[in-house]
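Student: Data: upload_3.cif, mmCIF, C-alpha atoms.
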data_protein
loop_
_atom_site.label_atom_id
_atom_site.label_comp_id
_atom_site.auth_asym_id
_atom_site.auth_seq_id
_atom_site.Cartn_x
_atom_site.Cartn_y
_atom_site.Cartn_z
CA MET M 1 14.78 -3.46 44.51
CA ALA M 2 14.77 -4.60 40.89
CA LYS M 3 16.72 -2.74 38.22
CA GLN M 4 15.20 0.57 37.11
CA HIS M 5 14.50 1.07 33.41
CA LEU M 6 14.18 4.84 33.23
CA ASP M 7 16.73 6.42 30.93
CA PRO M 8 19.69 7.46 33.13
CA ALA M 9 20.91 9.83 30.42
CA ALA M 10 17.76 11.93 30.51
CA GLY M 11 18.27 15.38 31.96
CA PRO M 12 16.29 16.95 34.78
CA VAL M 13 12.62 17.45 34.02
CA ALA M 14 11.13 20.59 35.55
CA GLY M 15 7.60 21.30 36.70
CA ASP M 16 6.71 22.93 33.40
CA THR M 17 6.86 19.49 31.74
CA LEU M 18 4.36 18.16 34.28
CA GLU M 19 2.21 21.21 33.69
CA ALA M 20 2.27 20.75 29.92
CA TYR M 21 1.30 17.08 30.21
CA LEU M 22 -1.62 17.74 32.54
CA GLN M 23 -2.86 20.59 30.36
CA ALA M 24 -2.70 18.37 27.28
CA GLN M 25 -4.69 15.64 29.00
CA ALA M 26 -7.22 18.17 30.29
CA THR M 27 -7.63 19.48 26.74
CA GLU M 28 -8.21 15.93 25.48
CA PHE M 29 -10.81 15.44 28.21
CA LEU M 30 -12.70 18.58 27.20
CA ARG M 31 -12.51 17.66 23.51
CA ALA M 32 -13.93 14.20 24.26
CA LEU M 33 -16.66 15.73 26.40
CA ARG M 34 -17.66 18.05 23.59
CA GLN M 35 -17.73 15.15 21.13
CA HIS M 36 -19.80 13.09 23.55
CA ARG M 37 -22.40 15.83 23.83
CA GLU M 38 -22.47 16.54 20.09
CA THR M 39 -23.07 12.86 19.27
CA GLY M 40 -26.00 12.55 21.65
CA GLY M 41 -24.21 11.10 24.65
CA THR M 42 -26.72 12.59 27.07
CA SER M 43 -29.74 10.86 25.51
CA SER M 44 -31.05 7.56 26.85
CA ASN M 45 -30.86 5.87 23.47
CA GLY M 46 -27.11 6.45 23.15
CA GLY M 47 -27.44 8.97 20.41
CA GLY M 48 -29.04 7.00 17.60
CA ASN M 49 -26.70 7.07 14.62
CA GLY M 50 -24.04 8.65 16.80
CA THR M 51 -23.69 5.59 19.05
CA GLU M 52 -20.25 4.55 17.78
CA GLU M 53 -18.94 8.09 18.06
CA THR M 54 -20.43 8.38 21.54
CA VAL M 55 -18.69 5.19 22.62
CA ASP M 56 -15.39 6.52 21.26
CA ALA M 57 -15.90 9.79 23.10
CA ALA M 58 -16.68 8.01 26.37
CA ARG M 59 -13.54 5.91 25.92
CA ALA M 60 -11.49 9.07 25.37
CA LEU M 61 -13.03 10.61 28.48
CA ARG M 62 -12.00 7.57 30.53
CA ARG M 63 -8.52 7.56 29.03
CA SER M 64 -7.87 11.20 29.86
CA ALA M 65 -9.41 10.90 33.33
CA ARG M 66 -7.16 7.92 34.13
CA ARG M 67 -4.05 9.72 32.95
CA ILE M 68 -4.80 12.86 34.90
CA SER M 69 -5.62 10.87 38.04
CA GLY M 70 -2.53 8.67 37.70
CA THR M 71 -0.27 11.68 37.17
CA LEU M 72 -1.72 13.43 40.21
CA HIS M 73 -0.91 10.30 42.22
CA THR M 74 2.66 9.79 41.03
CA PHE M 75 3.71 13.43 41.14
CA ARG M 76 1.59 14.62 44.07
CA PRO M 77 4.55 16.20 45.98
CA LEU M 78 4.82 18.72 43.12
CA LEU M 79 1.12 19.68 43.14
CA ASP M 80 -1.15 21.56 45.47
CA THR M 81 -2.08 18.91 48.03
CA ASP M 82 -5.69 19.88 48.75
CA TRP M 83 -6.51 20.30 45.08
CA SER M 84 -4.93 17.05 43.88
CA GLU M 85 -6.28 14.95 46.75
CA GLY M 86 -9.75 16.30 46.12
CA MET M 87 -9.67 15.77 42.36
CA ARG M 88 -8.22 12.26 42.17
CA PRO M 89 -11.19 10.37 43.68
CA GLU M 90 -13.60 12.32 41.50
CA LEU M 91 -11.73 11.34 38.36
CA ALA M 92 -11.61 7.72 39.54
CA TRP M 93 -15.38 7.80 40.14
CA LEU M 94 -16.00 9.14 36.64
CA SER M 95 -13.69 6.71 34.90
CA GLY M 96 -15.13 3.74 36.78
CA THR M 97 -18.73 4.77 36.13
CA LEU M 98 -18.16 5.19 32.39
CA ALA M 99 -16.25 1.90 32.11
CA ARG M 100 -18.91 -0.44 33.52
CA GLU M 101 -21.25 -0.57 30.52
CA HIS M 102 -18.42 -1.49 28.15
CA ALA M 103 -17.08 -4.03 30.66
CA TYR M 104 -20.39 -5.89 30.88
CA ALA M 105 -20.73 -6.00 27.09
CA ALA M 106 -17.20 -7.32 26.64
CA ARG M 107 -17.69 -9.87 29.42
CA LEU M 108 -20.84 -11.24 27.84
CA GLU M 109 -19.13 -11.56 24.46
CA ARG M 110 -16.23 -13.38 26.08
CA LEU M 111 -18.46 -15.80 27.99
CA LEU M 112 -20.71 -16.63 25.05
CA GLY M 113 -17.70 -17.16 22.82
CA ALA M 114 -16.17 -19.52 25.38
CA LEU M 115 -19.44 -21.45 25.71
CA ASN M 116 -19.61 -21.92 21.96
CA ARG M 117 -16.02 -23.12 21.86
CA LEU M 118 -16.44 -25.54 24.76
CA SER M 119 -19.65 -27.01 23.36
CA GLY M 120 -18.21 -27.46 19.88
CA CYS M 121 -20.51 -24.85 18.34
CA SER M 122 -19.14 -22.78 15.48
CA PRO M 123 -20.69 -20.08 13.32
CA ILE M 124 -22.09 -21.18 9.96
CA PRO M 125 -21.33 -18.93 6.98
CA ALA M 126 -24.27 -16.70 6.20
CA GLN M 127 -26.07 -16.79 2.90
CA ALA M 128 -25.91 -13.65 0.82
CA GLY M 129 -27.88 -10.90 2.51
CA SER M 130 -28.52 -12.90 5.69
CA GLU M 131 -27.04 -12.82 9.18
CA PRO M 132 -24.61 -15.52 10.43
CA ARG M 133 -26.37 -18.23 12.42
CA GLN M 134 -25.21 -20.78 14.97
CA GLU M 135 -25.51 -24.55 14.49
CA LYS M 136 -27.95 -25.34 17.29
CA SER M 137 -27.73 -29.12 16.88
CA THR M 138 -24.18 -29.18 18.26
CA LEU M 139 -24.90 -26.89 21.19
CA THR M 140 -25.88 -28.83 24.30
CA VAL M 141 -29.04 -27.92 26.15
CA GLY M 142 -27.03 -26.98 29.22
CA ALA M 143 -24.76 -24.62 27.31
CA ALA M 144 -27.70 -23.04 25.49
CA LYS M 145 -29.53 -22.36 28.75
CA ALA M 146 -26.36 -21.17 30.41
CA GLY M 147 -25.81 -18.71 27.57
CA ALA M 148 -29.37 -17.45 27.83
CA LEU M 149 -29.01 -16.97 31.58
CA LEU M 150 -25.73 -15.08 31.20
CA GLU M 151 -27.21 -12.93 28.47
CA ARG M 152 -30.15 -11.96 30.67
CA GLN M 153 -27.93 -11.15 33.63
CA MET M 154 -25.27 -9.27 31.69
CA THR M 155 -27.82 -7.33 29.64
CA LEU M 156 -29.59 -6.23 32.80
CA ALA M 157 -26.29 -5.20 34.39
CA ARG M 158 -25.27 -3.35 31.23
CA THR M 159 -28.59 -1.49 31.08
CA ARG M 160 -28.20 -0.42 34.70
CA ALA M 161 -24.61 0.67 34.05
CA HIS M 162 -25.75 2.67 31.03
CA SER M 163 -28.40 4.42 33.11
CA ALA M 164 -25.87 5.09 35.87
CA ALA M 165 -23.46 6.62 33.35
CA LEU M 166 -26.16 8.88 31.91
CA GLN M 167 -27.18 9.94 35.39
CA ALA M 168 -23.57 10.62 36.33
CA LEU M 169 -22.94 12.74 33.23
CA GLY M 170 -25.94 14.88 34.07
CA SER M 171 -25.11 15.28 37.74
CA SER M 172 -23.74 18.30 39.56
CA ARG M 173 -20.85 16.10 40.66
CA PHE M 174 -19.78 15.54 37.07
CA HIS M 175 -20.17 19.21 36.20
CA ALA M 176 -17.87 20.04 39.11
CA VAL M 177 -15.29 17.59 37.73
CA ALA M 178 -15.60 19.08 34.24
CA ASP M 179 -15.17 22.58 35.65
CA SER M 180 -12.03 21.51 37.51
CA VAL M 181 -10.60 19.94 34.37
CA ALA M 182 -11.41 23.12 32.41
CA VAL M 183 -9.42 25.14 34.93
CA LEU M 184 -6.61 22.57 34.73
CA ALA M 185 -6.41 23.06 30.98
CA SER M 186 -5.28 26.63 31.52
CA GLU M 187 -3.63 26.56 34.94
CA VAL M 188 -2.03 23.71 36.89
CA PRO M 189 -1.80 24.30 40.67
CA LEU M 190 1.83 23.37 41.18
CA SER M 191 3.53 23.45 44.56
CA PRO M 192 6.53 25.77 45.12
CA ALA M 193 8.81 22.72 44.92
CA ALA M 194 7.83 22.16 41.29
CA THR M 195 9.48 25.29 39.92
CA SER M 196 12.88 23.60 39.66
CA ALA M 197 11.99 19.98 40.31
CA ASP M 198 13.41 16.90 38.64
CA LEU M 199 10.61 14.45 37.95
CA LYS M 200 12.93 11.47 37.56
CA PRO M 201 12.97 10.42 41.25
CA LEU M 202 9.17 10.36 41.45
CA ALA M 203 8.88 8.46 38.15
CA ALA M 204 11.56 6.03 39.33
CA ALA M 205 9.63 5.50 42.57
CA ALA M 206 6.56 4.54 40.52
CA GLU M 207 8.63 1.98 38.65
CA GLY M 208 10.09 0.75 41.90
CA ARG M 209 6.63 0.11 43.35
CA LEU M 210 5.80 -1.87 40.21
CA THR M 211 8.92 -4.03 40.28
CA ASP M 212 8.53 -4.66 44.01
CA ALA M 213 4.94 -5.81 43.46
CA ILE M 214 6.01 -8.09 40.59
CA THR M 215 8.67 -9.60 42.83
CA GLY M 216 5.87 -10.74 45.13
CA LEU M 217 4.01 -12.57 42.35
CA PRO M 218 4.32 -16.36 42.05
CA LEU M 219 6.06 -16.19 38.69
CA VAL M 220 7.57 -19.64 39.14
CA SER M 221 4.15 -21.30 39.34
CA ALA M 222 3.06 -19.17 36.38
CA GLY M 223 5.75 -20.80 34.26
CA HIS M 224 3.44 -23.48 32.83
CA PRO M 225 0.15 -22.54 31.13
CA TYR M 226 -2.80 -24.83 31.72
CA ASN M 227 -4.33 -26.80 28.87
CA ALA M 228 -7.75 -25.18 28.50
CA GLU M 229 -8.77 -27.66 25.79
CA ALA M 230 -9.00 -30.38 28.44
CA LEU M 231 -11.97 -28.55 29.91
CA VAL M 232 -14.19 -29.74 27.06
CA HIS M 233 -14.33 -33.00 29.00
CA GLY M 234 -13.81 -31.61 32.51
CA LEU M 235 -15.60 -29.71 35.23
CA SER M 236 -14.26 -27.46 37.96
CA ALA M 237 -15.78 -28.27 41.34
CA ASP M 238 -14.75 -24.92 42.84
CA PRO M 239 -16.76 -21.94 41.58
CA ALA M 240 -15.63 -19.63 44.41
CA PRO M 241 -13.78 -16.39 43.66
CA HIS M 242 -10.01 -16.60 43.82
CA PRO M 243 -8.48 -14.12 46.29
CA GLN M 244 -4.99 -14.66 44.84
CA ASP M 245 -6.06 -12.58 41.83
CA ALA M 246 -5.76 -9.37 43.87
CA PRO M 247 -1.93 -9.04 43.68
CA TRP M 248 -2.09 -9.44 39.90
CA HIS M 249 -4.77 -6.77 39.64
CA GLN M 250 -2.60 -4.48 41.77
CA VAL M 251 0.37 -5.04 39.44
CA ARG M 252 -1.85 -4.10 36.51
CA LEU M 253 -2.69 -0.76 38.17
CA LEU M 254 0.96 -0.11 39.06
CA LEU M 255 2.02 -0.91 35.50
CA ARG M 256 -0.48 1.64 34.25
CA LEU M 257 0.92 4.29 36.64
CA HIS M 258 4.43 3.49 35.44
CA ARG M 259 3.37 3.91 31.82
CA TYR M 260 1.77 7.26 32.55
CA ALA M 261 4.90 8.42 34.37
CA ARG M 262 6.94 7.50 31.30
CA GLU M 263 4.56 9.56 29.16
CA VAL M 264 5.18 12.57 31.38
CA MET M 265 8.94 12.02 31.23
CA TYR M 266 9.37 11.23 27.56
CA GLY M 267 6.17 12.43 25.89
CA THR M 268 3.24 10.57 24.38
CA GLU M 269 5.02 10.36 21.00
CA SER M 270 8.02 8.49 22.38
CA PRO M 271 8.69 4.94 21.08
CA VAL M 272 6.51 2.25 22.61
CA ASP M 273 8.17 -0.01 25.15
CA VAL M 274 7.19 -3.40 23.71
CA ARG M 275 7.92 -5.15 26.99
CA LEU M 276 5.50 -2.93 28.89
CA LEU M 277 2.93 -3.20 26.10
CA ASN M 278 2.95 -7.00 26.07
CA ALA M 279 2.95 -7.23 29.85
CA GLY M 280 0.03 -4.83 30.05
CA GLN M 281 -1.98 -6.76 27.48
CA ALA M 282 -1.41 -9.99 29.42
CA LEU M 283 -2.64 -8.34 32.62
CA ASP M 284 -5.71 -7.01 30.82
CA ARG M 285 -6.48 -10.55 29.67
CA HIS M 286 -5.93 -11.75 33.24
CA ARG M 287 -8.41 -9.21 34.59
CA ASP M 288 -11.00 -10.00 31.91
CA ALA M 289 -10.76 -13.76 32.45
CA ALA M 290 -10.89 -13.47 36.23
CA GLU M 291 -14.00 -11.29 36.10
CA ALA M 292 -15.62 -13.60 33.54
CA ALA M 293 -14.95 -16.58 35.81
CA THR M 294 -16.58 -14.74 38.71
CA ALA M 295 -19.61 -13.97 36.53
CA ALA M 296 -19.93 -17.64 35.55
CA ALA M 297 -19.68 -18.72 39.19
CA SER M 298 -22.30 -16.14 40.19
CA ALA M 299 -24.67 -17.35 37.48
CA ALA M 300 -24.17 -20.94 38.65
CA ARG M 301 -25.51 -19.91 42.06
CA THR M 302 -28.81 -18.76 40.53
CA PRO M 303 -31.63 -20.54 42.41
CA ARG M 304 -33.52 -23.39 40.75
CA ILE M 305 -31.45 -23.69 37.58
CA ALA M 306 -31.29 -27.08 35.87
CA PRO M 307 -28.34 -29.37 36.69
CA ALA M 308 -27.23 -29.31 33.03
CA THR M 309 -27.13 -25.52 33.13
CA ALA M 310 -25.12 -25.51 36.35
CA TYR M 311 -22.73 -28.06 34.83
CA ALA M 312 -22.16 -25.91 31.75
CA LEU M 313 -21.51 -22.87 33.94
CA GLY M 314 -19.06 -24.90 36.01
CA VAL M 315 -17.15 -25.88 32.88
CA LEU M 316 -17.21 -22.26 31.76
CA HIS M 317 -15.90 -21.09 35.14
CA ALA M 318 -13.04 -23.58 35.03
CA ASP M 319 -12.24 -22.59 31.45
CA GLN M 320 -11.91 -18.95 32.42
CA ARG M 321 -9.74 -19.84 35.41
CA HIS M 322 -7.43 -21.63 32.99
CA GLU M 323 -7.45 -18.50 30.85
CA VAL M 324 -6.31 -16.66 33.97
CA GLU M 325 -3.37 -19.03 34.28
CA ALA M 326 -2.53 -18.66 30.60
CA ALA M 327 -2.51 -14.87 31.00
CA ARG M 328 -0.16 -15.16 33.98
CA PHE M 329 2.14 -17.30 31.87
CA ALA M 330 2.05 -14.71 29.07
CA PHE M 331 2.87 -11.94 31.55
CA ARG M 332 5.79 -13.93 32.94
CA GLN M 333 7.15 -14.50 29.44
CA ALA M 334 6.80 -10.82 28.54
CA TRP M 335 8.25 -9.46 31.77
CA LEU M 336 11.20 -11.82 32.01
CA LYS M 337 12.03 -11.61 28.31
CA GLU M 338 14.48 -8.76 28.79
CA THR M 339 16.18 -10.46 31.72
CA VAL M 340 16.60 -13.72 29.82
CA GLY M 341 17.83 -11.91 26.72
CA THR M 342 20.55 -10.09 28.64
CA SER M 343 21.73 -12.96 30.84
#
When written as structure tokens, how does the structure in this file appear?
Tutor:
Amino acid sequence: MAKQHLDPAAGPVAGDTLEAYLQAQATEFLRALRQHRETGGTSSNGGGNGTEETVDAARALRRSARRISGTLHTFRPLLDTDWSEGMRPELAWLSGTLAREHAYAARLERLLGALNRLSGCSPIPAQAGSEPRQEKSTLTVGAAKAGALLERQMTLARTRAHSAALQALGSSRFHAVADSVAVLASEVPLSPAATSADLKPLAAAAEGRLTDAITGLPLVSAGHPYNAEALVHGLSADPAPHPQDAPWHQVRLLLRLHRYAREVMYGTESPVDVRLLNAGQALDRHRDAAEAATAAASAARTPRIAPATAYALGVLHADQRHEVEAARFAFRQAWLKETVGTS
């Protein structure tokens, strides 16, 4: 197994530290829920002037739900089994439901930006008091139609995700989750083993699962980023999804669990591990590019679209696959930086 990076000088961490962390995250969850309701998060229009605040509150809800769920997973031997195993999937359901609307919006922005770049289109400075406009003469017909198709599809998906989130937040299932979190804020159902437990072995096991998964990645082939600029004149002939993305997505989830375990061990105010931060950002970019490539490939399979539109979507798909490779290269550089620096 790869070298562990938890502080060997840290003393034993008892169950009360785990309890304090979970209670703090539960409190953050309830605070975000209150903010979400106060800013109109339960209305179909997103709360009018409170939209930005509602989005922030939903993001805070997801953040707390992920941390609670991840902590229940890593430290489950120290928690009541029935309670933790019942709560984890509910938190995952909530976090996933709330994340979809934002994901579709970000994906559309990424795809349209890439289309503009590939077609040579750039924003023109706006006149005083007017909105920025795009130079249509440099945007090919295929790219323009591809962008319109993606916008229709992503907007529809985002609207459905928004409706699903509103429905979820008004459901009895969500109210049961909120009630459980409210109880957690005052009382954590620890197991008897947690009264004098050292959390270090469980946190180290989380890091071990991460390093083992990274060992299985093809980091050697990720040592050379692709030249995405060449795609301005190229076309990928393979729009199919790439199953080799799955191990990278799994590493991203394991890295997140490792980060949460470190928060439990050392506190949320501890210094940021730059290596983990950079590696995590690279994996986020990898996930975003992979999902954008899948969306482009899916749009290219739309029946009866013009050949020029399909061509533009093929170029876009290939561009995002090259972004995937660039993200893998960035992850490799971030993760191996410490090893190279100490060799």
Student: Expressed in Å to a single decimal, how great is the separation between CA of Ala197 in chain M and CA of Asp16 in chain M?
Tutor: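 Computed distance, CA of Ala197 in chain M to CA of Asp16 in chain M, equals 9.2 Å.
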Student: When you count only C-alpha atoms, which of these residues is closest to Glu85 in chain M: M:Thr97, M:Ser196, M:Gln244, M:Thr71?
Tutor: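 Selected residue with least distance to Glu85 in chain M: M:Thr71.
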Student: So which residues get picked by the PyMOL selection byres ((chain M and resi 61) around 8) here, written as a CSV table (one decimal) with C-alpha atoms, in the frame of the given file?
Tutor:
chain,number,residue,atom,x,y,z
M,28,GLU,CA,-8.2,15.9,25.5
M,29,PHE,CA,-10.8,15.4,28.2
M,32,ALA,CA,-13.9,14.2,24.3
M,33,LEU,CA,-16.7,15.7,26.4
M,57,ALA,CA,-15.9,9.8,23.1
M,58,ALA,CA,-16.7,8.0,26.4
M,59,ARG,CA,-13.5,5.9,25.9
M,60,ALA,CA,-11.5,9.1,25.4
M,62,ARG,CA,-12.0,7.6,30.5
M,63,ARG,CA,-8.5,7.6,29.0
M,64,SER,CA,-7.9,11.2,29.9
M,65,ALA,CA,-9.4,10.9,33.3
M,95,SER,CA,-13.7,6.7,34.9
Student: Looking at M:Leu210, M:Ser171, M:Arg287, M:Leu111, which one is nearest to Glu325 in chain M, with distances taken over only C-alpha atoms?
Tutor: M:Arg287
Student: Expand the PyMOL selection byres ((chain M and resi 148) around 12) into the explicit residue set it covers here, and present it as a compact mmCIF listing (two decimals) with C-alpha atoms, in the coordinates of the input.
Tutor:
# COMPACT_ATOMS: atom_id res chain seq x y z
CA LEU M 108 -20.84 -11.24 27.84
CA LEU M 111 -18.46 -15.80 27.99
CA LEU M 112 -20.71 -16.63 25.05
CA LEU M 115 -19.44 -21.45 25.71
CA VAL M 141 -29.04 -27.92 26.15
CA GLY M 142 -27.03 -26.98 29.22
CA ALA M 143 -24.76 -24.62 27.31
CA ALA M 144 -27.70 -23.04 25.49
CA LYS M 145 -29.53 -22.36 28.75
CA ALA M 146 -26.36 -21.17 30.41
CA GLY M 147 -25.81 -18.71 27.57
CA LEU M 149 -29.01 -16.97 31.58
CA LEU M 150 -25.73 -15.08 31.20
CA GLU M 151 -27.21 -12.93 28.47
CA ARG M 152 -30.15 -11.96 30.67
CA GLN M 153 -27.93 -11.15 33.63
CA MET M 154 -25.27 -9.27 31.69
CA THR M 155 -27.82 -7.33 29.64
CA ALA M 299 -24.67 -17.35 37.48
CA ILE M 305 -31.45 -23.69 37.58
CA THR M 309 -27.13 -25.52 33.13
CA ALA M 312 -22.16 -25.91 31.75
CA LEU M 313 -21.51 -22.87 33.94
Student: When you draw a straight line from CA of Leu254 in chain M to CA of Tyr104 in chain M, how long is it in Å?
Tutor: 23.6 Å
Student: Could you work out how far CA of Glu90 in chain M lies from CA of Arg173 in chain M, giving the answer in Å with one decimal?
Tutor: 8.2 Å
Student: Out of M:Arg259, M:His322, M:Leu79, M:Ala26, which residue has the shortest atom-to-atom distance to Val272 in chain M when counting only C-alpha atoms?
Tutor: M:Arg259
